[in-house]
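Here is final17.cif, consisting of mmCIF, C-alpha atoms:
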```
data_coords
#
loop_
_atom_site.group_PDB
_atom_site.id
_atom_site.type_symbol
_atom_site.label_atom_id
_atom_site.label_comp_id
_atom_site.auth_asym_id
_atom_site.auth_seq_id
_atom_site.Cartn_x
_atom_site.Cartn_y
_atom_site.Cartn_z
ATOM 1 C CA MET O 845 0.000 0.000 0.000
ATOM 2 C CA THR O 846 1.237 3.477 -0.925
ATOM 3 C CA THR O 847 -0.108 6.419 1.054
ATOM 4 C CA LEU O 848 -0.299 9.920 -0.423
ATOM 5 C CA TYR O 849 -0.970 13.030 1.626
ATOM 6 C CA LEU O 850 -2.013 15.567 -0.982
ATOM 7 C CA ILE O 851 -1.947 19.131 0.341
ATOM 8 C CA ARG O 852 -2.962 22.451 -1.155
ATOM 9 C CA HIS O 853 -0.604 25.254 -0.157
ATOM 10 C CA ALA O 854 -1.651 27.536 2.686
ATOM 11 C CA GLU O 855 -3.053 31.041 2.108
ATOM 12 C CA PRO O 856 -0.730 33.182 -0.042
ATOM 13 C CA ASP O 857 0.218 36.792 0.544
ATOM 14 C CA ALA O 858 -2.722 39.216 0.356
ATOM 15 C CA SER O 859 -1.197 40.979 -2.680
ATOM 16 C CA LEU O 860 -2.666 38.181 -4.840
ATOM 17 C CA LYS O 861 -6.258 38.617 -3.692
ATOM 18 C CA GLY O 862 -8.564 39.236 -6.651
ATOM 19 C CA ARG O 863 -5.794 38.503 -9.141
ATOM 20 C CA CYS O 864 -5.028 35.635 -11.469
ATOM 21 C CA TYR O 865 -1.854 34.044 -10.062
ATOM 22 C CA GLY O 866 -0.937 30.614 -11.374
ATOM 23 C CA THR O 867 2.767 31.234 -12.017
ATOM 24 C CA LEU O 868 3.251 34.293 -9.828
ATOM 25 C CA ASP O 869 5.678 33.464 -7.066
ATOM 26 C CA THR O 870 4.769 34.794 -3.667
ATOM 27 C CA GLY O 871 5.047 33.487 -0.156
ATOM 28 C CA LEU O 872 2.472 32.852 2.528
ATOM 29 C CA SER O 873 0.377 35.390 4.392
ATOM 30 C CA PRO O 874 0.535 35.472 8.210
ATOM 31 C CA THR O 875 -2.669 33.376 8.209
ATOM 32 C CA GLY O 876 -1.014 31.011 5.733
ATOM 33 C CA ARG O 877 1.954 30.522 8.046
ATOM 34 C CA GLU O 878 -0.467 29.640 10.855
ATOM 35 C CA GLN O 879 -2.288 27.185 8.569
ATOM 36 C CA ALA O 880 1.019 25.546 7.607
ATOM 37 C CA ALA O 881 2.052 25.239 11.263
ATOM 38 C CA HIS O 882 -1.310 23.594 12.013
ATOM 39 C CA LEU O 883 -0.710 21.110 9.159
ATOM 40 C CA SER O 884 2.664 20.291 10.652
ATOM 41 C CA THR O 885 0.992 19.476 13.964
ATOM 42 C CA ARG O 886 -1.668 17.348 12.262
ATOM 43 C CA LEU O 887 0.950 15.340 10.371
ATOM 44 C CA ALA O 888 3.561 15.121 13.147
ATOM 45 C CA ASP O 889 2.850 11.452 13.926
ATOM 46 C CA THR O 890 2.757 10.264 10.308
ATOM 47 C CA ASN O 891 5.553 8.261 8.779
ATOM 48 C CA ILE O 892 6.113 10.436 5.706
ATOM 49 C CA ALA O 893 9.193 9.186 3.858
ATOM 50 C CA HIS O 894 9.412 11.996 1.284
ATOM 51 C CA ILE O 895 7.869 15.431 0.745
ATOM 52 C CA TYR O 896 7.447 16.913 -2.710
ATOM 53 C CA ALA O 897 6.322 20.416 -3.655
ATOM 54 C CA SER O 898 5.522 22.622 -6.579
ATOM 55 C CA PRO O 899 8.337 25.113 -7.242
ATOM 56 C CA ARG O 900 6.114 28.071 -6.266
ATOM 57 C CA ARG O 901 7.156 29.724 -3.001
ATOM 58 C CA ARG O 902 3.691 29.402 -1.439
ATOM 59 C CA ALA O 903 3.883 25.614 -1.877
ATOM 60 C CA VAL O 904 7.530 25.331 -0.794
ATOM 61 C CA GLU O 905 6.925 27.383 2.370
ATOM 62 C CA THR O 906 3.943 25.198 3.246
ATOM 63 C CA ALA O 907 5.969 22.026 2.636
ATOM 64 C CA GLU O 908 8.948 23.268 4.676
ATOM 65 C CA CYS O 909 6.682 23.655 7.709
ATOM 66 C CA LEU O 910 6.333 19.865 7.754
ATOM 67 C CA GLY O 911 9.883 19.722 9.104
ATOM 68 C CA ARG O 912 11.460 17.381 6.584
ATOM 69 C CA PRO O 913 13.547 17.894 3.414
ATOM 70 C CA VAL O 914 11.495 18.985 0.407
ATOM 71 C CA THR O 915 12.055 17.935 -3.209
ATOM 72 C CA ILE O 916 10.783 20.331 -5.880
ATOM 73 C CA VAL O 917 8.781 18.798 -8.757
ATOM 74 C CA PRO O 918 7.997 21.287 -11.560
ATOM 75 C CA GLY O 919 5.163 19.069 -12.819
ATOM 76 C CA PHE O 920 3.080 19.940 -9.745
ATOM 77 C CA ARG O 921 3.001 23.685 -10.478
ATOM 78 C CA GLU O 922 -0.273 25.556 -10.997
ATOM 79 C CA LEU O 923 -1.749 26.404 -14.392
ATOM 80 C CA ASP O 924 0.122 29.027 -16.427
ATOM 81 C CA PHE O 925 -2.473 31.700 -17.181
ATOM 82 C CA GLY O 926 -0.146 33.399 -19.673
ATOM 83 C CA ASP O 927 -1.143 36.985 -20.446
ATOM 84 C CA PHE O 928 -3.649 36.928 -17.575
ATOM 85 C CA GLU O 929 -0.998 36.382 -14.877
ATOM 86 C CA GLY O 930 -1.111 39.082 -12.225
ATOM 87 C CA ARG O 931 -4.125 40.830 -13.693
ATOM 88 C CA PRO O 932 -7.281 41.479 -11.652
ATOM 89 C CA TYR O 933 -10.214 39.238 -12.596
ATOM 90 C CA ASP O 934 -12.515 42.209 -13.230
ATOM 91 C CA GLU O 935 -9.976 43.650 -15.696
ATOM 92 C CA ILE O 936 -9.764 40.322 -17.554
ATOM 93 C CA ALA O 937 -13.580 40.200 -17.712
ATOM 94 C CA ARG O 938 -13.640 43.721 -19.153
ATOM 95 C CA THR O 939 -10.811 43.340 -21.703
ATOM 96 C CA HIS O 940 -11.525 39.735 -22.823
ATOM 97 C CA PRO O 941 -15.268 39.256 -22.196
ATOM 98 C CA ALA O 942 -15.814 36.234 -24.490
ATOM 99 C CA LEU O 943 -12.760 34.340 -23.246
ATOM 100 C CA TYR O 944 -13.548 35.235 -19.637
ATOM 101 C CA GLN O 945 -17.100 33.932 -20.025
ATOM 102 C CA GLN O 946 -15.822 30.687 -21.567
ATOM 103 C CA TRP O 947 -13.407 30.381 -18.615
ATOM 104 C CA MET O 948 -16.256 30.798 -16.132
ATOM 105 C CA ASP O 949 -18.625 28.445 -18.016
ATOM 106 C CA ARG O 950 -16.189 25.752 -19.207
ATOM 107 C CA PRO O 951 -12.875 26.220 -17.362
ATOM 108 C CA THR O 952 -11.333 22.984 -18.589
ATOM 109 C CA GLU O 953 -11.763 24.020 -22.224
ATOM 110 C CA VAL O 954 -9.946 27.382 -22.236
ATOM 111 C CA GLN O 955 -6.577 28.032 -23.872
ATOM 112 C CA PHE O 956 -5.053 31.013 -22.080
ATOM 113 C CA PRO O 957 -3.214 33.477 -24.351
ATOM 114 C CA ASN O 958 0.515 32.637 -24.180
ATOM 115 C CA GLY O 959 -0.269 30.193 -21.365
ATOM 116 C CA GLU O 960 -1.582 26.677 -20.866
ATOM 117 C CA CYS O 961 -4.882 24.924 -21.256
ATOM 118 C CA PHE O 962 -6.262 22.474 -18.719
ATOM 119 C CA THR O 963 -5.319 19.360 -20.717
ATOM 120 C CA GLN O 964 -1.675 20.459 -20.801
ATOM 121 C CA MET O 965 -1.660 20.957 -17.037
ATOM 122 C CA GLN O 966 -3.518 17.692 -16.461
ATOM 123 C CA ALA O 967 -0.959 15.745 -18.537
ATOM 124 C CA ARG O 968 2.077 17.147 -16.690
ATOM 125 C CA VAL O 969 0.510 16.796 -13.214
ATOM 126 C CA LEU O 970 -0.510 13.172 -13.823
ATOM 127 C CA GLU O 971 2.884 12.338 -15.335
ATOM 128 C CA ALA O 972 4.638 13.713 -12.228
ATOM 129 C CA HIS O 973 2.139 11.952 -9.970
ATOM 130 C CA ARG O 974 2.555 8.561 -11.643
ATOM 131 C CA ALA O 975 6.353 8.849 -11.543
ATOM 132 C CA LEU O 976 6.167 9.614 -7.816
ATOM 133 C CA LEU O 977 3.915 6.597 -7.145
ATOM 134 C CA ALA O 978 6.234 4.300 -9.109
ATOM 135 C CA ARG O 979 9.254 5.595 -7.188
ATOM 136 C CA HIS O 980 7.643 5.215 -3.759
ATOM 137 C CA GLU O 981 5.663 1.998 -3.907
ATOM 138 C CA ASN O 982 4.602 0.902 -0.389
ATOM 139 C CA GLN O 983 5.777 4.166 1.187
ATOM 140 C CA THR O 984 4.072 7.241 2.593
ATOM 141 C CA VAL O 985 4.691 10.498 0.730
ATOM 142 C CA ALA O 986 3.329 14.032 0.782
ATOM 143 C CA VAL O 987 2.789 16.408 -2.136
ATOM 144 C CA VAL O 988 2.239 20.109 -1.504
ATOM 145 C CA ALA O 989 0.840 21.736 -4.608
ATOM 146 C CA HIS O 990 -2.051 23.926 -5.739
ATOM 147 C CA GLY O 991 -5.811 23.647 -5.950
ATOM 148 C CA GLY O 992 -5.677 22.721 -9.630
ATOM 149 C CA ALA O 993 -3.062 20.002 -9.205
ATOM 150 C CA ALA O 994 -4.834 18.540 -6.165
ATOM 151 C CA ARG O 995 -8.147 18.438 -8.031
ATOM 152 C CA ILE O 996 -6.518 16.720 -11.020
ATOM 153 C CA ILE O 997 -4.994 13.985 -8.833
ATOM 154 C CA LEU O 998 -8.210 13.506 -6.850
ATOM 155 C CA ALA O 999 -10.339 13.425 -10.010
ATOM 156 C CA ASP O 1000 -8.021 10.810 -11.491
ATOM 157 C CA ALA O 1001 -8.328 8.668 -8.348
ATOM 158 C CA LEU O 1002 -12.121 9.025 -8.337
ATOM 159 C CA GLY O 1003 -12.587 8.579 -12.094
ATOM 160 C CA LEU O 1004 -14.226 12.018 -12.426
ATOM 161 C CA PRO O 1005 -14.339 13.569 -15.895
ATOM 162 C CA ALA O 1006 -12.388 16.817 -16.265
ATOM 163 C CA PRO O 1007 -15.422 19.146 -16.366
ATOM 164 C CA ASN O 1008 -16.376 17.961 -12.867
ATOM 165 C CA ILE O 1009 -13.106 18.731 -11.049
ATOM 166 C CA PHE O 1010 -14.406 21.964 -9.571
ATOM 167 C CA ARG O 1011 -16.933 19.921 -7.589
ATOM 168 C CA LEU O 1012 -13.944 19.029 -5.391
ATOM 169 C CA ALA O 1013 -13.432 21.794 -2.824
ATOM 170 C CA GLN O 1014 -9.806 22.634 -2.018
ATOM 171 C CA ARG O 1015 -9.473 25.418 0.541
ATOM 172 C CA TYR O 1016 -6.057 26.758 1.494
ATOM 173 C CA ALA O 1017 -4.044 24.147 3.428
ATOM 174 C CA ALA O 1018 -6.564 21.439 2.469
ATOM 175 C CA LEU O 1019 -5.418 17.952 3.422
ATOM 176 C CA ASN O 1020 -6.385 15.016 1.204
ATOM 177 C CA LEU O 1021 -5.489 11.363 1.733
ATOM 178 C CA ILE O 1022 -5.327 8.680 -0.958
ATOM 179 C CA ARG O 1023 -4.148 5.113 -0.414
ATOM 180 C CA TYR O 1024 -3.076 3.026 -3.404
ATOM 181 C CA TYR O 1025 -3.477 -0.732 -3.182
ATOM 182 C CA GLY O 1026 -1.366 -1.619 -6.169
ATOM 183 C CA GLN O 1027 -2.923 0.497 -8.907
ATOM 184 C CA ILE O 1028 -6.283 0.892 -7.133
ATOM 185 C CA PRO O 1029 -6.747 4.237 -5.332
ATOM 186 C CA THR O 1030 -8.962 4.672 -2.293
ATOM 187 C CA VAL O 1031 -9.721 8.277 -1.400
ATOM 188 C CA GLU O 1032 -10.036 8.498 2.382
ATOM 189 C CA LEU O 1033 -10.101 12.273 2.921
ATOM 190 C CA ILE O 1034 -10.922 15.303 0.767
ATOM 191 C CA ASN O 1035 -10.452 18.939 1.785
ATOM 192 C CA GLY O 1036 -9.816 17.984 5.422
#
```
Could you render the structure as structure tokens?
Amino acid sequence: MTTLYLIRHAEPDASLKGRCYGTLDTGLSPTGREQAAHLSTRLADTNIAHIYASPRRRAVETAECLGRPVTIVPGFRELDFGDFEGRPYDEIARTHPALYQQWMDRPTEVQFPNGECFTQMQARVLEAHRALLARHENQTVAVVAHGGAARIILADALGLPAPNIFRLAQRYAALNLIRYYGQIPTVELING
């Protein structure tokens, strides 16, 4: 049995509020640091052999709070929103109304200008995830990533089609638990 603790990073710095920030690299807010410390307490008695994180600072800082060495895996990074990175959502809605509406109505079908689409992100996240599972068969590992990456991994485990991933809540510092019996995943906790 392989055990995966799948964690969304804690709350990022307030400068990102109301902005599109997939690739923007910022650290945790004071509340985020408290959330990460609480995660560390929750996971203190687990036998985590390895911790992996997205390269974004908000994920790395959350992972470092777990008190063990952290390995960066670029495949677990958040979606690249391209030209929309750093821009306020209301500005994007005003300057690109048709694309913004498609994003709100069918988020897994949008190609962001000079960025990624969902299927590109899904492919890289699942490739990184499968490589990690193959490397750590019968071990306990943790991945600290983003809401999008966590939803992709959970949806894969649950057999959910891509358009339904946003039915999976992932608040900041969300803790998810998946156990793999061979190739068969059992989701034991979502958004805990």
Within 12 Å of region 972-979 of chain O, which residues of region 862-911 of chain O show up? Give each one with its shortest atom-to-atom distance in Å (one decimal) and the two atoms involved, counting only C-alpha atoms, rows by chain then rising residue number, as CSV.
```
residue,atom,partner,partner_atom,distance
O:Ala893,CA,O:Arg979,CA,11.6
O:His894,CA,O:Leu976,CA,10.0
O:Ile895,CA,O:Leu976,CA,10.5
O:Tyr896,CA,O:Leu976,CA,9.0
O:Ala897,CA,O:Ala972,CA,11.0
O:Ser898,CA,O:Ala972,CA,10.6
```
*Counting all atoms listed in the file, what is within 6 Å of region 987-999 of chain O, bar same-chain residues fewer than 6 positions away, as a list in words?*
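Listed by chain and then number, they are Leu850, Ile851, Arg852, His853, Ile895, Tyr896, Ala897, Ser898, Ala903, Ala907, Phe920, Glu922, Ile1009 and Gln1014 of chain O.
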*Kindly indicate which residue among O:Gly1036, O:Leu923, O:Gln955, O:Ala1017 lies nearest to Ala967 (chain O), using only C-alpha atoms for the distances.*
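Closest to Ala967 (chain O), using only C-alpha atoms: O:Leu923.
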*Quick one: distance from CA of Arg900 (chain O) to CA of Gly866 (chain O) in Å, one decimal?*
9.1 Å
_Can you measure CA of His980 (chain O) to CA of Thr847 (chain O) for me? One decimal in Å is fine._
9.2 Å
*Mind giving me the straight-line distance from CA of Asn1020 (chain O) to CA of Glu1032 (chain O) in Å, one decimal?*
7.6 Å
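Neighbouring residues of Trp947 (chain O) at 12 Å or closer, counting only C-alpha atoms and skipping chain neighbours under 2 positions away, are Phe925, Phe928, Tyr933, Ile936, Ala937, His940, Pro941, Ala942, Leu943, Tyr944, Gln945, Asp949, Arg950, Pro951, Thr952, Glu953, Val954, Gln955, Phe956, Cys961, Phe962 and Pro1007 of chain O.
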_With distances taken over only C-alpha atoms, which residue among O:Gly876, O:Pro957, O:Pro918, O:Gly926 lies nearest Leu970 (chain O)?_
O:Pro918
Could you build a table of the residues in region 965-993 of chain O lying no more than 10 Å from region 1022-1026 of chain O, giving for each the nearest pair of atoms and their separation in Å rounded to one decimal place, using only C-alpha atoms, ordered by chain and ascending residue number, as a tab-separated table?
```
residue	atom	partner	partner_atom	distance
O:Leu977	CA	O:Tyr1024	CA	8.7
O:Glu981	CA	O:Gly1026	CA	8.2
O:Asn982	CA	O:Tyr1024	CA	8.5
O:Thr984	CA	O:Arg1023	CA	9.0
```
Suppose we keep C-alpha atoms; can you now write the selection as a tab-separated table (two decimals), in the frame of the given file?
```tsv
chain	number	residue	atom	x	y	z
O	977	LEU	CA	3.92	6.60	-7.14
O	981	GLU	CA	5.66	2.00	-3.91
O	982	ASN	CA	4.60	0.90	-0.39
O	984	THR	CA	4.07	7.24	2.59
```
*asked:* Given all atoms listed in the file as the basis, pick out the residue of O:Gln964, O:Gln983, O:Asn1035, O:Gln879 nearest to Glu905 (chain O).
replied: O:Gln879
_Minimum-distance residue to Pro856 (chain O), chosen among O:Phe1010, O:Thr963, O:Gly911, O:Tyr1016 (using only C-alpha atoms)_ =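 Counting only C-alpha atoms, the residue closest to Pro856 (chain O) is O:Tyr1016.
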*asked:* Residues within 8 Å of (1.7, 29.5, 6.4), file coordinates, counting all atoms listed in the file: what are they? Give the list as an NGL selection string.
replied: :O and (854-856 or 872-881 or 905-906 or 909)
*Pick out the closest residue to Asp924 (chain O) from this set: O:Asn1008, O:Ser884, O:Gln966, O:Thr939. Count all atoms listed in the file.*
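So, comparing all the options, the nearest one is O:Gln966.
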